[in-house]
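Everything on this sheet refers to the single structure shown next.
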Amino acid sequence: MRLPPRPQERIDRSRELTFFFEGEPRHGFPGDTVGSALFASGRRVFSRSFKYHRPRGLLCCSGQCPNCLMQVDGVPNVRVCTMPLREGARVRGQNVLGSLDRDVMSVVDKIGGPFTPVGFYYRTMIRPRRAWPLYERFLRNVAGLGKIDRGAGRTRRFDTEHRRVEVLVIGGGRAGIEAARAAAARGEQVVLVDEGLGPGERAAGGSFEVIAPARALGIYEGGLVPVDAGQVLIRFRARRIVVATGAIEQPLVFPGNDLVGVMLPGAVRRLTDEWSLRPGSRAVVIGADERALSVVAELRSAGTEIARVVDLRAESPRRIAAEGKKGRLASVLVDGEGLDCDLLVMSGGRQPAYSLLAQAGARIEYDAGRGVFVPIELPASVEAVGAVAGELPSGATPAATYEGGGKARGKCFVCVCEDVTTKDVRRAIAEGFDSIELAKRYTTVTMGPCQGRLCQLPSVRLYARENGTDEAAIGRTTARPPWAPVSLGLLAGRGHEPARRTSIHERHVQLGARMMWTGAWRRVHSYGDPAGEVRAVHEAVGAIDVSTLGKILVSGPDAAAFLERLYPNRFGDLRPGRIRYSVLGTDAGRIMDDGTIARLDDDRFYVTTTSTGADVVSEWLEWWNAVWGMGVEVVNLTGALAAVNVAGPRARELLGRLTDLDVSNESFSYLDAKQAHVAGVPCLLLRIGFVGELGYELHCSSPYGEYLWSTLLERGADLGLRPFGLEAQRVLRLEKQHILVGQDTDSESNALEAGMPWVVKFDKDEFVGKWALEHVRERGLRERLVGFEMTGWTVPPEGGQIVVDGRPAGRVTSARWSGELRRAIGLAWVPAALAEEDAELAIRVDGRLEQARVRLRPFLDPDGERLRS
Amino acid sequence: MKDVFRQRRMWRPRGELKRRYDVVIVGGGSHGLATAYYLAKNHGITDVAVLERSYIGSGAAGRNTTIIRSNYRTPEGVAFYGRSVELYERLAAELDFNLLFSQHGHLTLAHSDRALITMTERAEVNQLLGVDSRVVDRDGVAGLCPELNLSREVTWPIEGALYHRRGGIIRHDAVVWGLARGADRRGVEIHPGTEVTGIESSNGRVTGVRTTRGDIACDTVVSATAGWSTLVADLAGVPLPITTHILQAFVTEPLKPFLDVIIVSSQMHVYISQTDRGEILIGAEIEPYTTYLGTGTFGFLEDSARHTLELFPQLEHAAVLRQWTGLCDLSPDYSPILGVTEVGGFLVSCGWGTYGFKAAPIVGTTLAELVATGRTPELIAPFTLERFSTDSLVSELAAAAVSH
Amino acid sequence: MSELEFLSTDRTRTGGGFEPVFRSPLADALAAAGPDVRDLSALGKVEVRGDVEGFDGLASAERIPLTPGRTLFLCAPEETARLREALADPSRTVVDVTGALAGLELRGERLLRRLTDLDLDGLPAVGAVARVTTIVLRTGEEFRLFFPQEYARSMAEVVLDAAAGL
Ligand SMILES: Cc1cc2nc3c(=O)[nH]c(=O)nc-3n(C[C@H](O)[C@H](O)[C@H](O)COP(=O)(O)OP(=O)(O)OC[C@H]3O[C@@H](n4cnc5c(N)ncnc54)[C@H](O)[C@@H]3O)c2cc1C
Ligand code: FES
């Protein structure tokens, strides 16, 4: 079916490629697109339309319209006219019930029914309400084009690349190439991208780089131009962006304008020149400018007979209508003159492809002289050249529509993507959707896959005519990026998410730990036996990796004053070598974090935060430091240091084996901080007790974390040491009623109601959030965070409700079974009236109410004897 | 079926502005139109003008991702949104306009133990207040949405979810048009292309508004201007504790039915649904900055795509068709601000953040009642502007972020 | 307690049955890497806040300005102590970040383009590499990356994966 070899053809006839259409083998050549090869194999129907399931064929042959969307190798909605042909490609039609040639759904086109009028679905299927789900199921099934394979995983590799260039030229037509050449000649570094295959050759010999086929998706924030280059998304940042996207041939609006065999001039040109195909045997050509009409020569050279040429500059037909058989063009009527033909080339002028410019901030205005919208007032560092800038040959402005009485009553499409006809538009206007934006939403014109490329201008023309005004008054709808559809796969790229691991991570994995996420950190949930881990801490000694704790060094002569002003607790009087706990409050007095602060010497404090709070607290400190101009140094050491908490009655014995430091209770007491070598590694030792037993936190430089951990495990084995994870820690701290910020508190909790009035020093002159806490004190406590113990054996759900009079009145924030206490215990927010020792709580568990009693003091070791021993 | 073919105007063409109305509503979004509709329908107050600076539904109403649900966290919120969902369920029949309300359920994913606690809390509160809501485990999630990737070898493994059977999505424009038609047919005047540029008051009471099309006298002004609330309240001299942010969303090319339930993941900053048109609709978290520029960012597309594909790797080839942004008026406790202000006759509906569309009918009914009776209905009493000076916040923080 | 020894990696003591082992955060992650990727984590790294304008204490140390007022010095592992001492000055805060930062050396501009949006002709610079804040240095086609050690494995995975895609 090919013509004899032609000078500009792009196919390599020496080699044949085999691909499959609906399972049947077909052939093409290298240089073909899937579309051209299918056309060569005799296929004319490429898709079925969205609503009416009308057969559709190649219209633009340049990736602008919805007519050739097919499924290729499992990928839906591929425009086959621009998709390079590959050996073995599997191609299928989509949105059909049956086949492309015989689609059962096309009855919709013939009988009309409720699907015909625009917005039909707003008016129907309202009653009875019970039936709506059924109707809806049906609606959903008929909507949509491509199909997703539910079971599929990710199959392709997509990468992201970042490029910086001096000049980025978008579009490789004549103007783009000229601009690229000129810039390169000035010594600028230039990259040109084009969505077609051609410019590579056209630019040959130029001293600039060409990337094609590659589509610029938009001009985004900060001049970012993402380019879809197939398997790679290139994110360009250019000093200068030259937009040379040309102009898009516009269809004419007449009955039957969507029939298979109606084409735009560009399609004809590409079929004949590039792939040596004859677009039809007998043609009618109707065009508004020179370029459109010049296809006549191409057609002749391809052996197509020309039945009639209508030059819209010279004549102004009132009526045009195309008629077909089985959806394929059979004849054209021009003002009543019937012409048999199988090809109708139409062109209503060319519309500058301004979308990228509009997104970049250019103003777009209607140019009445040329009958198109043109960009004006470009933003800095963006240029437009060639047709997109409005450099177009003068042509005629076609009529808004060529419908008219007579016998041609076929559908007359304004928008082929969404199957919107002139009748629909008129109806929308008559119903009151009289502004273009409202009409767009009602009729969905410009909202389909072509993104307005082929329907924006015709619909504005029609709107102007029907409203008795002009195009300028109607305006255009806002074009929304991206400029071309882009797959989620390409956007996602490789999809790695940064993850933080402690320097001891690998050892945990070796120990068979179950890992979990806390923020970006990977942490140990347990080593398989949380209850046993808890027991080890109570009875012998345990070790937990707490490297994720936030660690911030605050130093400088004003460091004490700074912390004093920031935290509700007092730090000015903290002696070097001592540690104090505090919560950190927001300006509104809410708890944002908590942790211990050790004073290392006069000018230096070591602040710890929760694992998830490290960055926020560090920024918070820096911010206040700047606000108050205190000149304190804030250094976030979170990742720099590994930390292990060694806790349990035998912790001292273990530590004694590893260090020269005097670890006796007298010289290293509870809440002391010391520096010493442990197992040969310099450490900061903090004697604190989050888990309630005698314990030491050892902080050392990260690269030694793993060594320190292994040594502890090794030297502690005979003492019964066990590593423990977060789950065991949660139980242990709950037995002590130590809170977990973020779990036991939320963004509204304050220290007073959370039961920690002792960390709030109202007698300080000032501290962040003081006024708010004073207000809370004055208004009285409304709710309280308290401990509770279940009367029965059930552990209530965390998040469970305290019920008073059948209404939610409080909530359980933590709850666990304590093996040590042989009881279910927890923390809960309760109305202040219930915050009394022994008060009874009703907690909802599986829909029933279970009893609990309030416990205001730690369940275990309430006086902290174990901690201090 | 007859009405389907009969061509009938939705509303009267815009007329001249009168010099005086009983009630002026600023903002032709879902809240402004709902208030007008219920004023006319429930209270027979029809001397009402809705003034809209652009076209109706041009603001967040026409840009939002339309999630409708009531599984909130606070008892006040649950009761309020619960009533709104009920109203929405009946609204299509009431307006005789199909709103394409697609109630296929709403799944909020939990990727950690801690998230499960929040879900449990919501489920328990919801159940106590009679809202259909429960926590489901991994198997439960798999049963409700077999398409989800439940592998543990991902960044955010799914540990469970909060399931809300009555959650759904709706066609936003239909809601706007249906309400506008309902209001118009009852005599309310709708004035697109009419921007309010000033609010007049004397002795602490509203006396009228100034607009780009002339001045109007009135006793009551309702500002339902969402993303523009602070600007409009400013005209009345009422400061609002609100920050305005942009929120982005996008749709893919339409696909055959793939996903019925709505999938929300606050931790991954993404939520996904499929509309009746077949588009996969994806949204994210609000942007941290304020701007009225309305341009979307590419970073948003990339992040959302990455997160979406972790949940649904099958969507690798689904192609993004268009993206857009809208404005969100965020209050400090993520609950709305409704009703009276210190200026007599100046009422507000604002503080809607990313979740106000679902509230349109309840806002409309309660504000209409307030205008008609002068009394604040009980359902909205917790949401007064005054709560910020009495420290009586209604914190939805755990429920609203990204959940819409 | 004037010096914060626990921040340094070169103050360990061997003896008494203890032999501390410095373990690079990249040790496991780079096991499978080719010769084009080198682990620089053991290099001495010292961050200084304050003025280093007139500093000429250790000629062999490499100086990388991070922000006005913040400078990173790189040196051979055994020189770290000398560098710290030389820098010590009441007007500056000197922090040994040897243990805090992992280091990677890579070859090839194309590989870097797959990892970062930074202007590769404008290095050194601090910016996101694989979404992790990283200090990036360049010598010809050789690039050095320094980033928080806790991201080491994550970063190595991304780098090796990107290289595989070229
Ligand atoms: C991307 C996005 C997704 C969202 N998703 C959801 C969701 O899933 N579920 C949900 O419930 N909510 C969602 N929301 C929030 C919801 O859309 C809004 O809270 C809600 O629509 C606000 O009420 P409205 O419709 O009345 O506002 P709008 O539609 O914004 O109405 C305000 C109107 O006031 C007009 N106006 C402003 N100033 C003036 C003036 N001076 N004079 C005259 N008119 C003026 C504006 O033009 C505008 O039309 C989302 C929001 C966005 C942006
Ligand atoms: S024919 Fe392929 S996109 Fe138009």
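Chain identifiers are assigned as A, B, and so on, following the order in which chains appear in the structure tokens; residues are numbered from 1 within each chain, and ligands are numbered from 1 in order of appearance.
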
Within 6 Å of ligand 1 (only C-alpha atoms and all ligand atoms), residues as a PyMOL selection string: chain B and resi 26-32+51-54+56-61+63-68+194-197+224-228+232+247-249+325-328+352-358+404

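Using only C-alpha atoms and all ligand atoms as the basis for the distance check, residues found within 6 Å of ligand 2 are A:Leu58, A:Leu59, A:Cys60, A:Cys61, A:Ser62, A:Gly63, A:Gln64, A:Cys65, A:Pro66, A:Asn67, A:Cys68, A:Arg79, A:Val80, A:Cys81.
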
Name the closest residue to chain A among the candidates B:Tyr88, B:Phe97, B:Phe388, B:Trp177; distances are taken between atoms, counting only C-alpha atoms.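 Nearest candidate to chain A out of B:Tyr88, B:Phe97, B:Phe388, B:Trp177: B:Phe97.
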
Contact table chain A vs chain C, cut-off 7 Å, shortest pair per residue, only C-alpha atoms, as a tab-separated table:
```
residue	atom	partner	partner_atom	distance
A:Thr160	CA	C:Arg114	CA	5.8
A:Glu161	CA	C:Arg114	CA	4.4
A:His162	CA	C:Arg113	CA	5.0
A:Arg163	CA	C:Arg113	CA	6.6
A:Arg164	CA	C:Asp119	CA	6.8
A:His496	CA	C:Val158	CA	6.9
A:Pro498	CA	C:Ser154	CA	5.8
A:Ala499	CA	C:Ser154	CA	5.7
A:Arg500	CA	C:Tyr151	CA	4.9
A:Arg501	CA	C:Glu150	CA	5.0
A:Thr502	CA	C:Glu150	CA	5.7
A:Ser503	CA	C:Pro25	CA	6.4
A:Asp601	CA	C:Met1	CA	6.7
A:Gly639	CA	C:Ala100	CA	5.8
A:Ala640	CA	C:Ala100	CA	3.6
A:Ala679	CA	C:Phe18	CA	5.5
A:Gly680	CA	C:Arg13	CA	4.5
A:Val681	CA	C:Thr12	CA	4.7
A:Pro682	CA	C:Phe6	CA	4.6
A:Cys683	CA	C:Phe6	CA	4.8
A:Leu684	CA	C:Phe6	CA	6.1
A:Cys700	CA	C:Phe6	CA	5.2
A:Ser701	CA	C:Leu7	CA	5.4
A:Ser702	CA	C:Gly99	CA	5.4
A:Pro703	CA	C:Arg23	CA	4.9
A:Tyr704	CA	C:Phe22	CA	5.4
A:Tyr707	CA	C:Val21	CA	6.0
```

Mind dumping the selected residues with N, CA and C atoms as a CSV table (one decimal), in the first residue's frame?
```csv
chain,number,residue,atom,x,y,z
A,160,THR,N,14.8,10.3,36.3
A,160,THR,CA,14.7,11.8,36.3
A,160,THR,C,16.0,12.4,36.2
A,161,GLU,N,16.2,13.4,35.3
A,161,GLU,CA,17.5,14.0,35.1
A,161,GLU,C,17.3,15.5,35.3
A,162,HIS,N,18.3,16.1,35.8
A,162,HIS,CA,18.3,17.6,36.0
A,162,HIS,C,19.3,18.2,35.0
A,163,ARG,N,18.9,19.2,34.2
A,163,ARG,CA,19.8,19.8,33.3
A,163,ARG,C,19.7,21.3,33.5
A,164,ARG,N,20.9,22.0,33.3
A,164,ARG,CA,20.9,23.4,33.3
A,164,ARG,C,21.5,23.8,31.9
A,496,HIS,N,12.5,6.7,45.1
A,496,HIS,CA,13.1,6.4,46.4
A,496,HIS,C,12.7,7.4,47.4
A,498,PRO,N,13.9,8.9,51.1
A,498,PRO,CA,15.1,8.9,52.0
A,498,PRO,C,14.7,8.2,53.3
A,499,ALA,N,15.5,7.3,53.8
A,499,ALA,CA,15.2,6.7,55.1
A,499,ALA,C,16.4,6.8,56.0
A,500,ARG,N,16.1,7.0,57.3
A,500,ARG,CA,17.2,7.2,58.2
A,500,ARG,C,17.4,5.9,59.0
A,501,ARG,N,18.7,5.5,59.1
A,501,ARG,CA,18.9,4.3,59.9
A,501,ARG,C,20.0,4.6,60.9
A,502,THR,N,19.9,4.0,62.1
A,502,THR,CA,21.0,4.3,63.1
A,502,THR,C,22.2,3.5,62.7
A,503,SER,N,23.3,3.8,63.3
A,503,SER,CA,24.5,3.1,63.0
A,503,SER,C,24.5,1.7,63.5
A,601,ASP,N,28.8,22.2,81.0
A,601,ASP,CA,29.6,23.2,81.7
A,601,ASP,C,28.9,24.5,81.8
A,639,GLY,N,22.2,13.0,64.2
A,639,GLY,CA,22.8,11.9,63.5
A,639,GLY,C,24.2,11.6,63.8
A,640,ALA,N,24.9,12.6,64.4
A,640,ALA,CA,26.3,12.5,64.6
A,640,ALA,C,26.6,11.5,65.7
A,679,ALA,N,34.3,1.1,77.2
A,679,ALA,CA,34.8,0.1,76.3
A,679,ALA,C,35.8,0.8,75.3
A,680,GLY,N,36.4,1.8,75.8
A,680,GLY,CA,37.4,2.5,75.0
A,680,GLY,C,36.9,3.6,74.1
A,681,VAL,N,35.6,3.8,74.1
A,681,VAL,CA,35.0,4.9,73.3
A,681,VAL,C,34.6,6.0,74.2
A,682,PRO,N,34.9,7.3,73.8
A,682,PRO,CA,34.5,8.4,74.6
A,682,PRO,C,33.0,8.6,74.5
A,683,CYS,N,32.4,8.7,75.7
A,683,CYS,CA,30.9,8.7,75.7
A,683,CYS,C,30.5,9.9,76.6
A,684,LEU,N,29.3,10.3,76.4
A,684,LEU,CA,28.6,11.2,77.3
A,684,LEU,C,27.6,10.2,78.0
A,700,CYS,N,27.7,8.3,72.0
A,700,CYS,CA,29.1,8.3,71.4
A,700,CYS,C,29.0,8.6,69.9
A,701,SER,N,30.1,8.9,69.4
A,701,SER,CA,30.2,9.2,68.0
A,701,SER,C,29.7,8.0,67.1
A,702,SER,N,28.8,8.3,66.1
A,702,SER,CA,28.1,7.3,65.4
A,702,SER,C,28.9,6.1,64.9
A,703,PRO,N,30.1,6.4,64.3
A,703,PRO,CA,30.8,5.2,63.7
A,703,PRO,C,31.2,4.2,64.8
A,704,TYR,N,31.1,4.5,66.1
A,704,TYR,CA,31.4,3.5,67.1
A,704,TYR,C,30.1,2.9,67.7
A,707,TYR,N,30.0,-0.9,67.5
A,707,TYR,CA,31.0,-1.5,68.3
A,707,TYR,C,30.5,-1.5,69.8
```

Based on DSSP run over this structure's backbone, return all residues of region 78-311 of chain B in alpha helix (DSSP H), as a count of residues only. 76

Between C:Val159, C:Leu137, C:Ala33, C:Leu145, which has the minimum distance to Arg63 (chain C) (counting only C-alpha atoms)? C:Leu137
